[in-house]
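Participant: The structure is given below, and queries will be raised subsequently.
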Amino acid sequence: MHPTLWKFNGLELHSYGLLLAIAFLLGIQIFVSRARARGIPEEPVQTLSLWLLVLAIVGARTLFVVTHWADYAADPLAALRLWEGGLILYGGYVFAIAGGILYVRSRGLRVWRVADAAAPSMALGIGIGRLGCFMNGCCYGLPTTLPWGVRFPAESVPSYMFPGSHLHPSQIYLSLAGLGIFVWLLLSDRKPRFDGWLFWIYIAVDAAFRFLLDFTRYYDSSSAIGSLGQLSFNMNQVLSGGLIVLSLVMLAILARRPAAPAAA
């Protein structure tokens, strides 16, 4: 766990922010390259990438702050301290997807063709970004007896919540899932399919992994919505289930549309 990598004269380099920056820089290069191969102009893609970054962070942070308002009521400015962690992925999804669709349409581009170009970069962002969560000590898992369970430093939040316990490295699970999906999407994209296929397949598969891996992750009581036997379910899992259903519906709708021309 290394939340701060470097300090000098009051300046600090945080691992969480650094890895988010790396994920963005790699993701935008892949996005631009894939968009170019689909006949999509480079300039709007670069602009869209910046908007998606801002919208994703704002949305993810907004949903986290809203659902944990008791932690910020006394110090609202703490909501701006992103390096301390505290992002909810699905908040970023909503803001970024909605804003991205509006921007792409305003530029007269094919929405789902652009989305297909972006899908692998989204998976890569999860794969790299979750490593930042691990180094920051946020999004930690529940106690486990498995041999790869990890113990966080005594002064950390995970250690405070579960003193002396080995915890599931849930951040690493999600990181490996993101990187695996990234590779799978690139391989799957070699076979031409209808516009939107790759994007909605990504949303469905990512949501399925998130639903399953969330059983290993710690959430505070405000996120719990019920249980079935020994399994407890949280709001993110409900949202994951909803995204899986939405993805299947969108795939069925898009599959029935006439094939679009090869160039945008």
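If you're wondering about the labels, chains in the structure tokens are A, B, ... by order shown, residues count from 1 in each chain, ligands from 1 in order shown.
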To test your reading of the structure, identify every residue in segment 45-245 of chain A that backbone DSSP assigns to helix (DSSP H, G or I), and report it as a ChimeraX atom specification.
Facilitator: /A:45-67,69-71,76-80,82-84,89-106,111-136,157-161,170-188,197-216,221-223,235-245
Participant: What's the 7 Å shell around Thr145 of chain A, counting only C-alpha atoms, without same-chain residues fewer than 2 positions away, as a compact mmCIF listing (two decimals) with N, CA, C and O atoms, in the first residue's frame?
Facilitator:
```
# COMPACT_ATOMS: atom_id res chain seq x y z
N PRO A 147 -4.89 -18.36 0.53
CA PRO A 147 -3.45 -18.08 0.68
C PRO A 147 -3.01 -16.74 0.09
O PRO A 147 -1.95 -16.24 0.46
N GLY A 149 -4.70 -13.94 0.43
CA GLY A 149 -5.25 -12.83 1.21
C GLY A 149 -4.14 -11.86 1.60
O GLY A 149 -3.00 -12.26 1.85
N HIS A 166 -6.48 -11.11 7.13
CA HIS A 166 -6.12 -11.14 5.72
C HIS A 166 -7.40 -10.90 4.91
O HIS A 166 -8.43 -11.50 5.20
```
Participant: As a ChimeraX atom specification, please: all residues of segment 103-229 of chain A that backbone DSSP puts in strand (DSSP E).
Facilitator: /A:224-228
Participant: Please save N, CA and C atoms of the selected residues as a short mmCIF file (atom, residue, chain, number, x, y, z; two decimals), in the first residue's frame.
Facilitator:
```cif
data_model
loop_
_atom_site.label_atom_id
_atom_site.label_comp_id
_atom_site.auth_asym_id
_atom_site.auth_seq_id
_atom_site.Cartn_x
_atom_site.Cartn_y
_atom_site.Cartn_z
N ALA A 224 -25.99 -1.98 1.54
CA ALA A 224 -26.67 -3.27 1.58
C ALA A 224 -28.15 -3.11 1.26
N ILE A 225 -28.68 -4.06 0.48
CA ILE A 225 -30.10 -4.00 0.15
C ILE A 225 -30.84 -5.28 0.52
N GLY A 226 -30.11 -6.33 0.91
CA GLY A 226 -30.78 -7.57 1.27
C GLY A 226 -29.83 -8.74 1.20
N SER A 227 -30.33 -9.91 1.49
CA SER A 227 -29.50 -11.11 1.48
C SER A 227 -30.32 -12.32 1.05
N LEU A 228 -29.62 -13.34 0.60
CA LEU A 228 -30.22 -14.61 0.22
C LEU A 228 -29.33 -15.70 0.79
#
```
Participant: Fewer than 4 positions away in the same chain doesn't count, so skip those; otherwise give me all residues within 9 Å of Ser170 of chain A, counting only C-alpha atoms, as a short mmCIF file (atom, residue, chain, number, x, y, z; two decimals) with N, CA, C and O atoms, in the first residue's frame.
Facilitator:
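Contents of selection23.cif, freshly written:
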```
data_model
loop_
_atom_site.label_atom_id
_atom_site.label_comp_id
_atom_site.auth_asym_id
_atom_site.auth_seq_id
_atom_site.Cartn_x
_atom_site.Cartn_y
_atom_site.Cartn_z
N ARG A 130 -7.83 0.09 -11.06
CA ARG A 130 -8.00 -0.69 -9.83
C ARG A 130 -6.68 -0.97 -9.13
O ARG A 130 -6.65 -1.21 -7.92
N PHE A 134 -5.77 -0.41 -5.10
CA PHE A 134 -5.00 -1.30 -4.24
C PHE A 134 -3.88 -0.54 -3.53
O PHE A 134 -3.68 -0.68 -2.32
N CYS A 139 -11.45 0.48 -1.56
CA CYS A 139 -12.16 -0.60 -2.28
C CYS A 139 -11.64 -1.98 -1.87
O CYS A 139 -11.55 -2.89 -2.69
N TYR A 140 -11.35 -2.14 -0.59
CA TYR A 140 -10.73 -3.38 -0.11
C TYR A 140 -11.77 -4.48 0.09
O TYR A 140 -12.98 -4.25 0.07
N GLY A 141 -11.26 -5.70 0.29
CA GLY A 141 -12.13 -6.85 0.37
C GLY A 141 -12.48 -7.27 1.78
O GLY A 141 -12.08 -6.65 2.78
N LEU A 142 -13.23 -8.34 1.86
CA LEU A 142 -13.64 -8.94 3.13
C LEU A 142 -12.58 -9.92 3.61
O LEU A 142 -11.73 -10.37 2.82
N LEU A 174 -10.56 -7.20 -9.63
CA LEU A 174 -11.22 -6.33 -10.62
C LEU A 174 -10.22 -5.86 -11.68
O LEU A 174 -10.57 -5.71 -12.85
N SER A 175 -8.98 -5.64 -11.25
CA SER A 175 -7.95 -5.23 -12.20
C SER A 175 -7.68 -6.34 -13.22
O SER A 175 -7.62 -6.09 -14.44
N LEU A 213 -17.66 -10.47 -8.31
CA LEU A 213 -16.51 -10.10 -7.48
C LEU A 213 -16.91 -9.23 -6.30
O LEU A 213 -16.19 -9.16 -5.30
N ASP A 214 -18.07 -8.59 -6.38
CA ASP A 214 -18.52 -7.78 -5.25
C ASP A 214 -18.86 -8.61 -4.02
O ASP A 214 -18.97 -8.07 -2.91
N THR A 216 -16.82 -10.48 -2.72
CA THR A 216 -15.56 -10.51 -1.96
C THR A 216 -15.21 -9.15 -1.37
O THR A 216 -14.24 -9.05 -0.64
N ARG A 217 -15.98 -8.12 -1.67
CA ARG A 217 -15.61 -6.75 -1.32
C ARG A 217 -16.40 -6.24 -0.12
O ARG A 217 -17.58 -6.57 0.05
N TYR A 218 -15.75 -5.41 0.67
CA TYR A 218 -16.42 -4.79 1.82
C TYR A 218 -17.18 -3.55 1.38
O TYR A 218 -16.68 -2.71 0.63
#
```
Participant: Please, what distance in Å, to one decimal, runs between atom CA of Gly91 of chain A and atom CA of Leu20 of chain A?
Facilitator: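 Taking atom CA of Gly91 of chain A as the start and atom CA of Leu20 of chain A as the end point, the length is 16.4 Å.
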